[in-house]
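Dumped work_22.tsv below, it's TSV, C-alpha atoms and all ligand atoms:
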chain	number	residue	atom	x	y	z
A	1	MET	CA	0.00	0.00	0.00
A	2	THR	CA	1.30	3.43	-0.96
A	3	THR	CA	0.23	6.58	0.79
A	4	THR	CA	0.48	10.06	-0.67
A	5	LEU	CA	0.20	13.22	1.39
A	6	VAL	CA	-0.97	16.37	-0.37
A	7	ASP	CA	0.25	18.98	2.05
A	8	ASN	CA	0.22	22.74	2.49
A	9	ILE	CA	-3.19	23.21	0.82
A	10	GLY	CA	-4.24	26.87	1.10
A	11	LEU	CA	-7.94	26.05	0.75
A	12	LEU	CA	-9.36	22.54	0.64
A	13	VAL	CA	-12.94	21.92	-0.48
A	14	THR	CA	-13.94	18.34	0.25
A	15	HIS	CA	-17.63	18.71	-0.62
A	16	ASP	CA	-20.23	21.40	0.07
A	17	VAL	CA	-18.16	24.60	0.17
A	18	ASP	CA	-20.30	26.25	2.82
A	19	ARG	CA	-19.73	23.40	5.23
A	20	SER	CA	-16.40	21.87	4.30
A	21	GLN	CA	-13.84	24.41	3.23
A	22	ARG	CA	-10.74	24.52	5.39
A	23	ASN	CA	-7.57	26.57	5.25
A	24	ASP	CA	-4.02	25.24	5.75
A	25	ALA	CA	-5.18	21.71	5.14
A	26	ALA	CA	-3.76	18.39	4.02
A	27	ILE	CA	-5.18	15.19	2.61
A	28	VAL	CA	-3.82	11.65	2.55
A	29	VAL	CA	-4.55	9.19	-0.22
A	30	GLU	CA	-4.02	5.44	0.08
A	31	ASP	CA	-4.60	3.03	-2.78
A	32	GLY	CA	-6.70	5.53	-4.63
A	33	LEU	CA	-8.95	6.48	-1.73
A	34	VAL	CA	-9.07	9.47	0.60
A	35	VAL	CA	-8.08	8.13	4.03
A	36	TRP	CA	-7.31	11.27	6.02
A	37	VAL	CA	-8.28	14.97	5.84
A	38	GLY	CA	-7.03	17.47	8.36
A	39	ASP	CA	-4.76	20.24	9.47
A	40	ALA	CA	-1.50	20.78	7.59
A	41	ARG	CA	0.37	21.08	10.88
A	42	GLN	CA	-0.70	17.65	12.10
A	43	THR	CA	-0.20	15.39	9.12
A	44	PRO	CA	0.41	11.65	9.43
A	45	ASP	CA	3.45	10.02	7.78
A	46	ALA	CA	3.14	9.09	4.13
A	47	ASP	CA	5.32	7.46	1.47
A	48	ASP	CA	5.10	10.39	-0.93
A	49	ARG	CA	4.43	14.08	-0.42
A	50	ILE	CA	3.03	16.67	-2.82
A	51	ASP	CA	3.42	20.29	-1.75
A	52	ALA	CA	0.33	22.23	-2.82
A	53	ALA	CA	2.20	25.44	-1.98
A	54	GLY	CA	-0.85	27.22	-0.66
A	55	ARG	CA	-3.04	26.50	-3.66
A	56	CYS	CA	-6.69	25.45	-3.63
A	57	VAL	CA	-7.62	21.75	-3.92
A	58	ILE	CA	-11.09	20.68	-5.04
A	59	PRO	CA	-12.70	17.36	-6.01
A	60	GLY	CA	-12.28	16.36	-9.65
A	61	PHE	CA	-15.15	17.54	-11.84
A	62	VAL	CA	-17.80	14.98	-12.81
A	63	ASP	CA	-19.07	15.59	-16.32
A	64	SER	CA	-22.36	13.69	-16.40
A	65	HIS	CA	-23.30	14.57	-19.98
A	66	SER	CA	-21.10	14.29	-23.08
A	67	HIS	CA	-21.35	13.03	-26.65
A	68	LEU	CA	-17.78	12.06	-27.48
A	69	MET	CA	-18.39	9.21	-29.94
A	70	PHE	CA	-18.42	11.19	-33.15
A	71	ALA	CA	-16.40	12.19	-36.18
A	72	GLY	CA	-16.31	15.42	-38.15
A	73	ASP	CA	-16.50	19.12	-37.45
A	74	ARG	CA	-19.34	21.63	-37.58
A	75	ALA	CA	-17.52	24.89	-37.07
A	76	ASP	CA	-19.33	26.30	-40.11
A	77	GLU	CA	-22.68	25.89	-38.32
A	78	PHE	CA	-21.30	27.70	-35.30
A	79	GLU	CA	-20.15	30.54	-37.52
A	80	ALA	CA	-23.59	30.73	-39.15
A	81	ARG	CA	-25.38	30.74	-35.78
A	82	MET	CA	-23.17	33.50	-34.49
A	83	ALA	CA	-24.17	35.43	-37.58
A	84	GLY	CA	-27.81	35.06	-36.56
A	85	ARG	CA	-29.12	31.76	-37.89
A	86	HIS	CA	-31.40	29.81	-35.54
A	87	TYR	CA	-30.37	26.50	-33.92
A	88	GLU	CA	-32.30	23.38	-34.93
A	89	ALA	CA	-31.81	19.77	-33.93
A	90	GLY	CA	-31.29	18.63	-37.56
A	91	GLY	CA	-27.55	19.34	-37.75
A	92	ILE	CA	-26.99	16.14	-35.82
A	93	ARG	CA	-27.49	14.24	-39.08
A	94	ARG	CA	-24.26	15.69	-40.50
A	95	THR	CA	-22.32	14.22	-37.62
A	96	VAL	CA	-24.12	10.91	-38.10
A	97	SER	CA	-22.90	10.76	-41.67
A	98	ALA	CA	-19.29	11.52	-40.68
A	99	THR	CA	-19.40	9.09	-37.76
A	100	ARG	CA	-20.63	6.20	-39.89
A	101	GLN	CA	-17.75	6.75	-42.30
A	102	ALA	CA	-15.08	6.80	-39.57
A	103	SER	CA	-13.04	3.74	-38.68
A	104	ASP	CA	-13.16	2.29	-35.17
A	105	GLY	CA	-9.63	3.56	-34.64
A	106	ASP	CA	-10.46	7.11	-35.70
A	107	LEU	CA	-13.65	7.19	-33.63
A	108	LEU	CA	-11.85	6.01	-30.51
A	109	ALA	CA	-8.84	8.26	-31.08
A	110	ASN	CA	-11.07	11.32	-31.32
A	111	ALA	CA	-12.87	10.42	-28.09
A	112	GLU	CA	-9.57	9.67	-26.33
A	113	ARG	CA	-8.23	13.07	-27.37
A	114	LEU	CA	-11.31	14.78	-25.91
A	115	VAL	CA	-11.16	12.77	-22.67
A	116	ALA	CA	-7.52	13.83	-22.28
A	117	GLU	CA	-8.47	17.44	-23.03
A	118	ALA	CA	-11.23	17.29	-20.39
A	119	ARG	CA	-8.93	15.71	-17.84
A	120	ALA	CA	-6.33	18.42	-18.32
A	121	GLN	CA	-9.09	20.83	-17.27
A	122	GLY	CA	-10.02	18.90	-14.17
A	123	ILE	CA	-12.71	16.44	-15.31
A	124	THR	CA	-11.92	13.11	-13.68
A	125	THR	CA	-15.16	11.27	-14.52
A	126	MET	CA	-17.06	11.48	-17.81
A	127	GLU	CA	-20.31	10.00	-18.95
A	128	ILE	CA	-20.18	9.30	-22.69
A	129	LYS	CA	-23.18	8.84	-24.98
A	130	SER	CA	-23.60	7.13	-28.33
A	131	GLY	CA	-26.13	8.63	-30.71
A	132	TYR	CA	-24.26	9.48	-33.90
A	133	GLY	CA	-24.38	5.96	-35.35
A	134	LEU	CA	-28.14	5.31	-35.47
A	135	THR	CA	-27.74	1.86	-37.04
A	136	VAL	CA	-27.45	-1.29	-34.97
A	137	ALA	CA	-23.80	-1.76	-35.93
A	138	ASP	CA	-22.80	1.89	-35.53
A	139	GLU	CA	-24.52	2.32	-32.17
A	140	GLU	CA	-23.09	-0.98	-30.91
A	141	ARG	CA	-19.55	0.04	-31.78
A	142	SER	CA	-20.06	3.49	-30.25
A	143	VAL	CA	-21.06	2.10	-26.85
A	144	ARG	CA	-18.49	-0.69	-27.06
A	145	LEU	CA	-15.65	1.77	-27.76
A	146	ALA	CA	-16.96	4.25	-25.17
A	147	ARG	CA	-16.87	1.47	-22.58
A	148	THR	CA	-13.07	1.41	-22.93
A	149	LEU	CA	-13.03	5.03	-21.73
A	150	THR	CA	-15.63	5.13	-18.93
A	151	GLU	CA	-18.01	2.93	-16.97
A	152	ASP	CA	-20.78	5.52	-17.43
A	153	VAL	CA	-21.78	4.73	-20.99
A	154	THR	CA	-25.17	5.85	-22.30
A	155	PHE	CA	-27.03	4.33	-25.23
A	156	LEU	CA	-28.64	7.20	-27.17
A	157	GLY	CA	-30.09	5.46	-30.22
A	158	GLY	CA	-33.02	7.83	-29.59
A	159	HIS	CA	-31.05	10.92	-30.60
A	160	VAL	CA	-32.81	11.73	-33.89
A	161	VAL	CA	-34.63	9.70	-36.53
A	162	PRO	CA	-31.95	9.10	-39.17
A	163	GLU	CA	-32.42	10.56	-42.61
A	164	GLY	CA	-34.55	8.39	-44.89
A	165	SER	CA	-35.94	6.25	-42.02
A	166	ASP	CA	-39.59	5.74	-41.18
A	167	ARG	CA	-40.22	7.07	-37.63
A	168	ASP	CA	-42.18	4.12	-36.34
A	169	GLU	CA	-39.81	1.58	-37.85
A	170	TYR	CA	-36.85	3.41	-36.37
A	171	VAL	CA	-38.33	3.48	-32.86
A	172	ASP	CA	-39.07	-0.25	-33.22
A	173	LEU	CA	-35.42	-0.77	-34.10
A	174	VAL	CA	-34.18	1.30	-31.15
A	175	VAL	CA	-36.26	-0.61	-28.59
A	176	GLY	CA	-35.55	-3.95	-30.26
A	177	GLU	CA	-32.43	-5.08	-32.05
A	178	MET	CA	-30.40	-1.92	-31.34
A	179	LEU	CA	-31.10	-1.99	-27.61
A	180	ASP	CA	-30.27	-5.71	-27.50
A	181	ALA	CA	-26.90	-5.02	-29.14
A	182	CYS	CA	-26.05	-1.99	-27.02
A	183	ALA	CA	-27.35	-2.84	-23.55
A	184	PRO	CA	-24.43	-5.17	-22.68
A	185	HIS	CA	-21.99	-2.23	-23.04
A	186	ALA	CA	-24.14	0.50	-21.47
A	187	LYS	CA	-25.26	1.54	-18.02
A	188	TRP	CA	-27.76	4.17	-19.14
A	189	ILE	CA	-30.41	4.85	-21.78
A	190	ASP	CA	-31.19	8.37	-22.93
A	191	VAL	CA	-33.57	9.96	-25.42
A	192	PHE	CA	-33.75	13.38	-27.04
A	193	CYS	CA	-37.37	14.38	-26.36
A	194	GLU	CA	-37.72	17.59	-28.37
A	195	VAL	CA	-39.39	19.03	-31.44
A	196	GLY	CA	-37.33	17.66	-34.36
A	197	ALA	CA	-36.29	14.60	-32.37
A	198	PHE	CA	-38.68	12.27	-30.47
A	199	THR	CA	-42.23	12.78	-29.18
A	200	LEU	CA	-43.26	12.19	-25.59
A	201	ASP	CA	-44.86	8.83	-26.44
A	202	GLU	CA	-41.84	7.68	-28.42
A	203	SER	CA	-39.55	8.81	-25.61
A	204	ARG	CA	-41.56	6.88	-23.03
A	205	ARG	CA	-41.39	3.76	-25.16
A	206	ILE	CA	-37.61	4.04	-25.59
A	207	LEU	CA	-36.94	4.73	-21.92
A	208	GLU	CA	-39.22	1.97	-20.68
A	209	ALA	CA	-37.55	-0.52	-23.00
A	210	GLY	CA	-34.13	0.45	-21.65
A	211	ILE	CA	-35.30	0.26	-18.04
A	212	ALA	CA	-36.72	-3.21	-18.71
A	213	LYS	CA	-33.23	-4.19	-19.90
A	214	GLY	CA	-31.72	-3.01	-16.63
A	215	LEU	CA	-30.43	0.37	-17.82
A	216	GLY	CA	-30.85	3.57	-15.82
A	217	ALA	CA	-32.77	6.39	-17.51
A	218	ARG	CA	-31.60	9.86	-18.47
A	219	VAL	CA	-33.54	12.33	-20.64
A	220	HIS	CA	-32.70	15.30	-22.88
A	221	ALA	CA	-35.64	17.64	-22.33
A	222	ALA	CA	-36.82	21.25	-22.29
A	223	GLN	CA	-33.89	22.55	-24.35
A	224	LEU	CA	-35.96	24.49	-26.86
A	225	GLY	CA	-39.23	24.94	-24.97
A	226	GLU	CA	-41.30	23.70	-22.04
A	227	SER	CA	-41.87	19.97	-22.21
A	228	ASP	CA	-43.89	17.25	-20.52
A	229	ALA	CA	-40.73	15.16	-20.74
A	230	VAL	CA	-39.44	16.64	-17.49
A	231	ARG	CA	-42.31	15.04	-15.60
A	232	LEU	CA	-41.95	11.85	-17.66
A	233	ALA	CA	-38.33	11.65	-16.48
A	234	VAL	CA	-39.41	12.04	-12.87
A	235	GLU	CA	-42.22	9.51	-13.29
A	236	LEU	CA	-39.81	6.92	-14.68
A	237	GLY	CA	-37.25	7.55	-11.94
A	238	ALA	CA	-34.62	8.93	-14.33
A	239	ALA	CA	-31.31	9.77	-12.71
A	240	SER	CA	-31.19	13.05	-14.54
A	241	VAL	CA	-33.12	15.29	-16.88
A	242	ASP	CA	-30.74	17.35	-18.93
A	243	HIS	CA	-30.96	20.85	-20.41
A	244	CYS	CA	-33.96	22.09	-18.33
A	245	THR	CA	-33.67	25.46	-20.04
A	246	PHE	CA	-37.45	26.01	-20.11
A	247	LEU	CA	-39.23	24.78	-16.99
A	248	ALA	CA	-42.82	25.31	-15.87
A	249	ASP	CA	-43.52	25.60	-12.14
A	250	ARG	CA	-45.04	22.10	-12.18
A	251	ASP	CA	-41.79	20.73	-13.63
A	252	ILE	CA	-39.82	22.29	-10.81
A	253	ASP	CA	-42.29	20.91	-8.26
A	254	ALA	CA	-41.92	17.43	-9.76
A	255	LEU	CA	-38.13	17.63	-9.71
A	256	ALA	CA	-38.08	18.93	-6.15
A	257	GLY	CA	-40.03	15.95	-4.89
A	258	SER	CA	-37.82	13.41	-6.67
A	259	ASP	CA	-34.34	11.89	-6.92
A	260	THR	CA	-34.03	13.15	-10.49
A	261	VAL	CA	-31.21	15.66	-10.90
A	262	ALA	CA	-31.67	18.72	-13.12
A	263	THR	CA	-28.55	18.90	-15.27
A	264	LEU	CA	-27.87	22.32	-16.72
A	265	LEU	CA	-25.71	22.69	-19.82
A	266	PRO	CA	-25.06	26.42	-20.21
A	267	ALA	CA	-22.32	25.97	-22.82
A	268	VAL	CA	-25.16	24.92	-25.14
A	269	GLU	CA	-26.95	28.22	-24.61
A	270	PHE	CA	-23.64	30.02	-25.15
A	271	CYS	CA	-22.96	28.15	-28.41
A	272	THR	CA	-26.52	28.41	-29.75
A	273	LYS	CA	-27.38	31.92	-28.56
A	274	GLN	CA	-30.41	30.57	-26.70
A	275	PRO	CA	-31.68	31.99	-23.41
A	276	TYR	CA	-30.00	30.54	-20.32
A	277	PRO	CA	-31.87	28.47	-17.69
A	278	ASP	CA	-32.55	29.99	-14.29
A	279	ALA	CA	-30.66	27.97	-11.70
A	280	ARG	CA	-31.92	30.12	-8.86
A	281	ARG	CA	-35.49	28.84	-9.29
A	282	LEU	CA	-34.19	25.29	-9.01
A	283	ALA	CA	-32.03	26.02	-5.98
A	284	ASP	CA	-34.88	27.83	-4.22
A	285	ALA	CA	-37.12	24.81	-4.75
A	286	GLY	CA	-34.49	22.43	-3.40
A	287	VAL	CA	-33.82	20.64	-6.70
A	288	THR	CA	-30.42	18.94	-6.99
A	289	VAL	CA	-28.55	20.58	-9.86
A	290	ALA	CA	-25.63	19.28	-11.91
A	291	LEU	CA	-23.52	21.20	-14.40
A	292	ALA	CA	-22.09	19.37	-17.41
A	293	THR	CA	-20.36	20.24	-20.66
A	294	ASP	CA	-22.65	18.42	-23.17
A	295	CYS	CA	-19.47	18.23	-25.24
A	296	ASN	CA	-20.60	17.55	-28.83
A	297	PRO	CA	-19.57	18.88	-32.23
A	298	GLY	CA	-22.82	20.74	-32.92
A	299	SER	CA	-24.22	22.70	-30.01
A	300	SER	CA	-21.45	22.75	-27.38
A	301	PHE	CA	-17.95	21.84	-28.46
A	302	THR	CA	-16.19	22.39	-25.15
A	303	THR	CA	-14.57	20.11	-22.58
A	304	SER	CA	-14.02	22.92	-20.10
A	305	MET	CA	-15.88	22.64	-16.80
A	306	PRO	CA	-14.31	25.89	-15.56
A	307	PHE	CA	-15.93	27.62	-18.54
A	308	VAL	CA	-19.28	26.00	-17.64
A	309	ILE	CA	-18.87	27.16	-14.04
A	310	ALA	CA	-18.09	30.70	-15.16
A	311	LEU	CA	-21.25	30.73	-17.30
A	312	ALA	CA	-23.33	29.30	-14.45
A	313	VAL	CA	-22.20	32.07	-12.15
A	314	ARG	CA	-22.47	34.85	-14.72
A	315	GLU	CA	-25.66	33.80	-16.51
A	316	LEU	CA	-27.60	31.22	-14.45
A	317	GLY	CA	-27.64	32.98	-11.11
A	318	MET	CA	-25.56	30.41	-9.27
A	319	THR	CA	-23.11	31.35	-6.56
A	320	PRO	CA	-19.55	30.13	-7.16
A	321	ALA	CA	-20.06	27.62	-4.34
A	322	GLN	CA	-23.28	26.29	-5.89
A	323	ALA	CA	-21.61	26.03	-9.30
A	324	LEU	CA	-18.62	24.14	-7.91
A	325	ARG	CA	-20.88	21.73	-6.08
A	326	ALA	CA	-23.05	21.19	-9.17
A	327	ALA	CA	-19.93	20.43	-11.24
A	328	THR	CA	-18.67	17.86	-8.73
A	329	GLU	CA	-21.16	16.26	-6.34
A	330	GLY	CA	-24.12	17.29	-8.52
A	331	GLY	CA	-22.61	15.43	-11.46
A	332	ALA	CA	-22.00	12.41	-9.26
A	333	ARG	CA	-25.64	12.47	-8.11
A	334	ALA	CA	-26.71	12.65	-11.76
A	335	LEU	CA	-24.76	9.43	-12.31
A	336	ARG	CA	-26.10	7.95	-9.05
A	337	ARG	CA	-22.57	7.61	-7.72
A	338	THR	CA	-21.43	8.29	-4.17
A	339	ASP	CA	-17.72	7.42	-4.62
A	340	ILE	CA	-16.85	10.51	-6.67
A	341	GLY	CA	-17.58	14.25	-6.73
A	342	HIS	CA	-16.34	14.84	-3.17
A	343	LEU	CA	-13.26	14.23	-1.02
A	344	ARG	CA	-14.76	12.87	2.18
A	345	ILE	CA	-12.96	9.93	3.83
A	346	GLY	CA	-13.49	6.87	1.64
A	347	ALA	CA	-14.07	8.79	-1.59
A	348	ARG	CA	-12.12	8.02	-4.73
A	349	ALA	CA	-9.04	10.21	-4.64
A	350	ASP	CA	-9.78	12.35	-7.69
A	351	LEU	CA	-8.22	15.71	-6.81
A	352	VAL	CA	-7.62	18.91	-8.72
A	353	LEU	CA	-4.95	21.39	-7.70
A	354	LEU	CA	-5.80	24.87	-8.94
A	355	THR	CA	-3.25	27.53	-9.74
A	356	ALA	CA	-5.26	29.79	-7.47
A	357	PRO	CA	-5.82	30.38	-3.77
A	358	SER	CA	-9.59	29.76	-4.04
A	359	TYR	CA	-12.22	27.99	-6.13
A	360	LEU	CA	-13.72	31.48	-6.65
A	361	HIS	CA	-11.09	32.00	-9.32
A	362	LEU	CA	-12.82	29.44	-11.57
A	363	ALA	CA	-15.46	32.08	-12.29
A	364	TYR	CA	-13.45	35.15	-11.35
A	365	ARG	CA	-10.76	34.40	-13.95
A	366	PRO	CA	-12.77	33.13	-16.93
A	367	GLY	CA	-10.86	31.52	-19.77
A	368	VAL	CA	-7.65	31.19	-17.77
A	369	PRO	CA	-6.26	27.65	-17.47
A	370	LEU	CA	-6.25	27.29	-13.68
A	371	VAL	CA	-6.05	23.51	-13.40
A	372	ASP	CA	-2.46	22.91	-12.40
A	373	ARG	CA	-2.47	19.22	-11.58
A	374	VAL	CA	-4.97	16.38	-11.63
A	375	LEU	CA	-4.60	13.33	-9.41
A	376	THR	CA	-6.85	10.34	-10.05
A	377	ALA	CA	-7.44	7.11	-8.22
B	401	ZN	ZN	-26.69	16.20	-24.98
Here is a file; write its structure as structure tokens.
Ligand SMILES: [Zn+2]
Amino acid sequence: MTTTLVDNIGLLVTHDVDRSQRNDAAIVVEDGLVVWVGDARQTPDADDRIDAAGRCVIPGFVDSHSHLMFAGDRADEFEARMAGRHYEAGGIRRTVSATRQASDGDLLANAERLVAEARAQGITTMEIKSGYGLTVADEERSVRLARTLTEDVTFLGGHVVPEGSDRDEYVDLVVGEMLDACAPHAKWIDVFCEVGAFTLDESRRILEAGIAKGLGARVHAAQLGESDAVRLAVELGAASVDHCTFLADRDIDALAGSDTVATLLPAVEFCTKQPYPDARRLADAGVTVALATDCNPGSSFTTSMPFVIALAVRELGMTPAQALRAATEGGARALRRTDIGHLRIGARADLVLLTAPSYLHLAYRPGVPLVDRVLTA
């Protein structure tokens, strides 16, 4: 057994900032787990020592929503949107075409590059979705390859109806042969319930089929307008309903009385020039909130959680402490995991050392690469 002492931490945040931040702290890691947290002047012996030199240490970010299994580039769409064109869900089909043409090696290499990029910015756990294959073979290889990168793999055959397909036949395929092929590699099922993607009834059918196969449910909903899908997600016990940009009061009430996390993806609003969600309404109602990147080549091509945190503070009404918590423990809750997203005793030792004296700098210094070092279990 090897123990590592991270010593001389200026500010340590183990979980909820308001309750757990401590100055002049130290933390001891043994075999990938946090085994001791305390005062820097009273540290136990350890085999190795890392001097944090007064910097801030936070839990690794948990990105509970990403679409990394893709090929191609849609920078031209971004340019057009910034020039005033409206976002629609249909651009996904361009990525589907590029993804189908990519080799397994190219598809995996692209995802590996993005995971490394995310990690360099402090993300130590990533959920990865399929959804750009939309044939049995292409979805199966997407989840199979994603499984080599993370245990939180999501089958998203219900992303859009592929070009040239009959809607009903495609939904039959998703809940039948495609689900059978993908379920062994996946932990989650997700569906894009939105105008231009899947209806409420189709979404219910897809989610229920996945749940019957033992997968946990997650839902893309309320990105472009209010949607009954938020309450569908709660009804089906989904771990998370993602986007939540447009919520009715009854949606917030449903979320507040449930274990379903509201995952906000403000980089999407940034990249599509849509209105931002109001995180304050969710916090006031007691809803658990996660922040995630939604990294994808169309509507949010970023792997930067610090950027997402900065947006959440600037545009969503979150305090820096709320945003940090949503990007760590909130993400873990959205993945129904208790071993990550915090640094309590027994947690997985996923630590981020910031080149800053406080987590406040994540929002206070937008665009500045503040992640100095990432330790993972
Ligand atoms: Zn998404």
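Distance annotation: of A:Thr272, A:Ser304, A:Thr124, A:Ser64, the residue with the minimal separation from ligand ZN 401 (chain B) is A:Ser64; atom set is all atoms listed in the file.
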Sel. within 9 Å of pt (-24.2, 25.6, -25.7), counting only C-alpha atoms, output as a PDB file with C-alpha atoms, keeping the file's coordinate frame:
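Wrote it out as out_11.pdb, contents follow:
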ATOM      1  CA  LEU A 265     -25.710  22.690 -19.820  1.00  0.00           C
ATOM      2  CA  PRO A 266     -25.060  26.420 -20.210  1.00  0.00           C
ATOM      3  CA  ALA A 267     -22.320  25.970 -22.820  1.00  0.00           C
ATOM      4  CA  VAL A 268     -25.160  24.920 -25.140  1.00  0.00           C
ATOM      5  CA  GLU A 269     -26.950  28.220 -24.610  1.00  0.00           C
ATOM      6  CA  PHE A 270     -23.640  30.020 -25.150  1.00  0.00           C
ATOM      7  CA  CYS A 271     -22.960  28.150 -28.410  1.00  0.00           C
ATOM      8  CA  THR A 272     -26.520  28.410 -29.750  1.00  0.00           C
ATOM      9  CA  LYS A 273     -27.380  31.920 -28.560  1.00  0.00           C
ATOM     10  CA  GLN A 274     -30.410  30.570 -26.700  1.00  0.00           C
ATOM     11  CA  THR A 293     -20.360  20.240 -20.660  1.00  0.00           C
ATOM     12  CA  ASP A 294     -22.650  18.420 -23.170  1.00  0.00           C
ATOM     13  CA  CYS A 295     -19.470  18.230 -25.240  1.00  0.00           C
ATOM     14  CA  GLY A 298     -22.820  20.740 -32.920  1.00  0.00           C
ATOM     15  CA  SER A 299     -24.220  22.700 -30.010  1.00  0.00           C
ATOM     16  CA  SER A 300     -21.450  22.750 -27.380  1.00  0.00           C
ATOM     17  CA  PHE A 301     -17.950  21.840 -28.460  1.00  0.00           C
ATOM     18  CA  THR A 302     -16.190  22.390 -25.150  1.00  0.00           C
TER      19      THR A 302
END
Handout entry: Between CA of Glu208 (chain A) and CA of Ala229 (chain A) - distance in Å to one decimal
Key = 13.3 Å
Problem - Contacts to ligand ZN 401 (chain B) at 12 Å cut-off (only C-alpha atoms and all ligand atoms) as a PyMOL selection string - result: chain A and resi 63-69+89+92+127-132+154-156+158-160+190-194+218-223+240-244+263-268+292-301
May I have the selected residues written with C-alpha atoms, as a JSON list (two decimals), in the frame of the given file?
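So out.json came out as:
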[["chain", "number", "residue", "atom", "x", "y", "z"],
["A", 63, "ASP", "CA", -19.07, 15.59, -16.32],
["A", 64, "SER", "CA", -22.36, 13.69, -16.40],
["A", 65, "HIS", "CA", -23.30, 14.57, -19.98],
["A", 66, "SER", "CA", -21.10, 14.29, -23.08],
["A", 67, "HIS", "CA", -21.35, 13.03, -26.65],
["A", 68, "LEU", "CA", -17.78, 12.06, -27.48],
["A", 69, "MET", "CA", -18.39, 9.21, -29.94],
["A", 89, "ALA", "CA", -31.81, 19.77, -33.93],
["A", 92, "ILE", "CA", -26.99, 16.14, -35.82],
["A", 127, "GLU", "CA", -20.31, 10.00, -18.95],
["A", 128, "ILE", "CA", -20.18, 9.30, -22.69],
["A", 129, "LYS", "CA", -23.18, 8.84, -24.98],
["A", 130, "SER", "CA", -23.60, 7.13, -28.33],
["A", 131, "GLY", "CA", -26.13, 8.63, -30.71],
["A", 132, "TYR", "CA", -24.26, 9.48, -33.90],
["A", 154, "THR", "CA", -25.17, 5.85, -22.30],
["A", 155, "PHE", "CA", -27.03, 4.33, -25.23],
["A", 156, "LEU", "CA", -28.64, 7.20, -27.17],
["A", 158, "GLY", "CA", -33.02, 7.83, -29.59],
["A", 159, "HIS", "CA", -31.05, 10.92, -30.60],
["A", 160, "VAL", "CA", -32.81, 11.73, -33.89],
["A", 190, "ASP", "CA", -31.19, 8.37, -22.93],
["A", 191, "VAL", "CA", -33.57, 9.96, -25.42],
["A", 192, "PHE", "CA", -33.75, 13.38, -27.04],
["A", 193, "CYS", "CA", -37.37, 14.38, -26.36],
["A", 194, "GLU", "CA", -37.72, 17.59, -28.37],
["A", 218, "ARG", "CA", -31.60, 9.86, -18.47],
["A", 219, "VAL", "CA", -33.54, 12.33, -20.64],
["A", 220, "HIS", "CA", -32.70, 15.30, -22.88],
["A", 221, "ALA", "CA", -35.64, 17.64, -22.33],
["A", 222, "ALA", "CA", -36.82, 21.25, -22.29],
["A", 223, "GLN", "CA", -33.89, 22.55, -24.35],
["A", 240, "SER", "CA", -31.19, 13.05, -14.54],
["A", 241, "VAL", "CA", -33.12, 15.29, -16.88],
["A", 242, "ASP", "CA", -30.74, 17.35, -18.93],
["A", 243, "HIS", "CA", -30.96, 20.85, -20.41],
["A", 244, "CYS", "CA", -33.96, 22.09, -18.33],
["A", 263, "THR", "CA", -28.55, 18.90, -15.27],
["A", 264, "LEU", "CA", -27.87, 22.32, -16.72],
["A", 265, "LEU", "CA", -25.71, 22.69, -19.82],
["A", 266, "PRO", "CA", -25.06, 26.42, -20.21],
["A", 267, "ALA", "CA", -22.32, 25.97, -22.82],
["A", 268, "VAL", "CA", -25.16, 24.92, -25.14],
["A", 292, "ALA", "CA", -22.09, 19.37, -17.41],
["A", 293, "THR", "CA", -20.36, 20.24, -20.66],
["A", 294, "ASP", "CA", -22.65, 18.42, -23.17],
["A", 295, "CYS", "CA", -19.47, 18.23, -25.24],
["A", 296, "ASN", "CA", -20.60, 17.55, -28.83],
["A", 297, "PRO", "CA", -19.57, 18.88, -32.23],
["A", 298, "GLY", "CA", -22.82, 20.74, -32.92],
["A", 299, "SER", "CA", -24.22, 22.70, -30.01],
["A", 300, "SER", "CA", -21.45, 22.75, -27.38],
["A", 301, "PHE", "CA", -17.95, 21.84, -28.46]]
Exercise for the section: May I ask which of the residues A:Asp16, A:Asp24, A:Asp253, A:Glu112 is the closest one to Val37 (chain A), counting only C-alpha atoms? Expected result: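 Residue with the minimum atom-to-atom distance to Val37 (chain A): A:Asp24.
Using all atoms listed in the file, the nearest neighbour of Ala46 (chain A) within the list A:Ala26, A:Thr4, A:Asp104, A:Arg74 is A:Thr4.
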Handout entry: Pick from A:Glu169, A:Glu151, A:Asp180, A:Glu235 nearest to Leu335 (chain A), counting all atoms listed in the file
Key = A:Glu151
Exercise for the section: Enter the distance from CA of Ala239 (chain A) to CA of Thr260 (chain A), in Å, rounded to one decimal. Expected result: 4.9 Å
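CA of Ala40 (chain A) lies 9.3 Å from CA of Gly10 (chain A).
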Fix up region 157-161 of chain A with N, CA and C atoms, then write it as a PDB file, in the frame of the given file.
ATOM      1  N   GLY A 157     -29.530   5.729 -28.883  1.00  0.00           N
ATOM      2  CA  GLY A 157     -30.090   5.460 -30.220  1.00  0.00           C
ATOM      3  C   GLY A 157     -31.232   6.420 -30.506  1.00  0.00           C
ATOM      4  N   GLY A 158     -31.911   6.868 -29.450  1.00  0.00           N
ATOM      5  CA  GLY A 158     -33.020   7.830 -29.590  1.00  0.00           C
ATOM      6  C   GLY A 158     -32.513   9.261 -29.595  1.00  0.00           C
ATOM      7  N   HIS A 159     -31.598   9.560 -30.490  1.00  0.00           N
ATOM      8  CA  HIS A 159     -31.050  10.920 -30.600  1.00  0.00           C
ATOM      9  C   HIS A 159     -31.862  11.703 -31.630  1.00  0.00           C
ATOM     10  N   VAL A 160     -31.881  11.227 -32.866  1.00  0.00           N
ATOM     11  CA  VAL A 160     -32.810  11.730 -33.890  1.00  0.00           C
ATOM     12  C   VAL A 160     -33.202  10.548 -34.776  1.00  0.00           C
ATOM     13  N   VAL A 161     -34.281  10.709 -35.523  1.00  0.00           N
ATOM     14  CA  VAL A 161     -34.630   9.700 -36.530  1.00  0.00           C
ATOM     15  C   VAL A 161     -33.675   9.915 -37.704  1.00  0.00           C
TER      16      VAL A 161
END
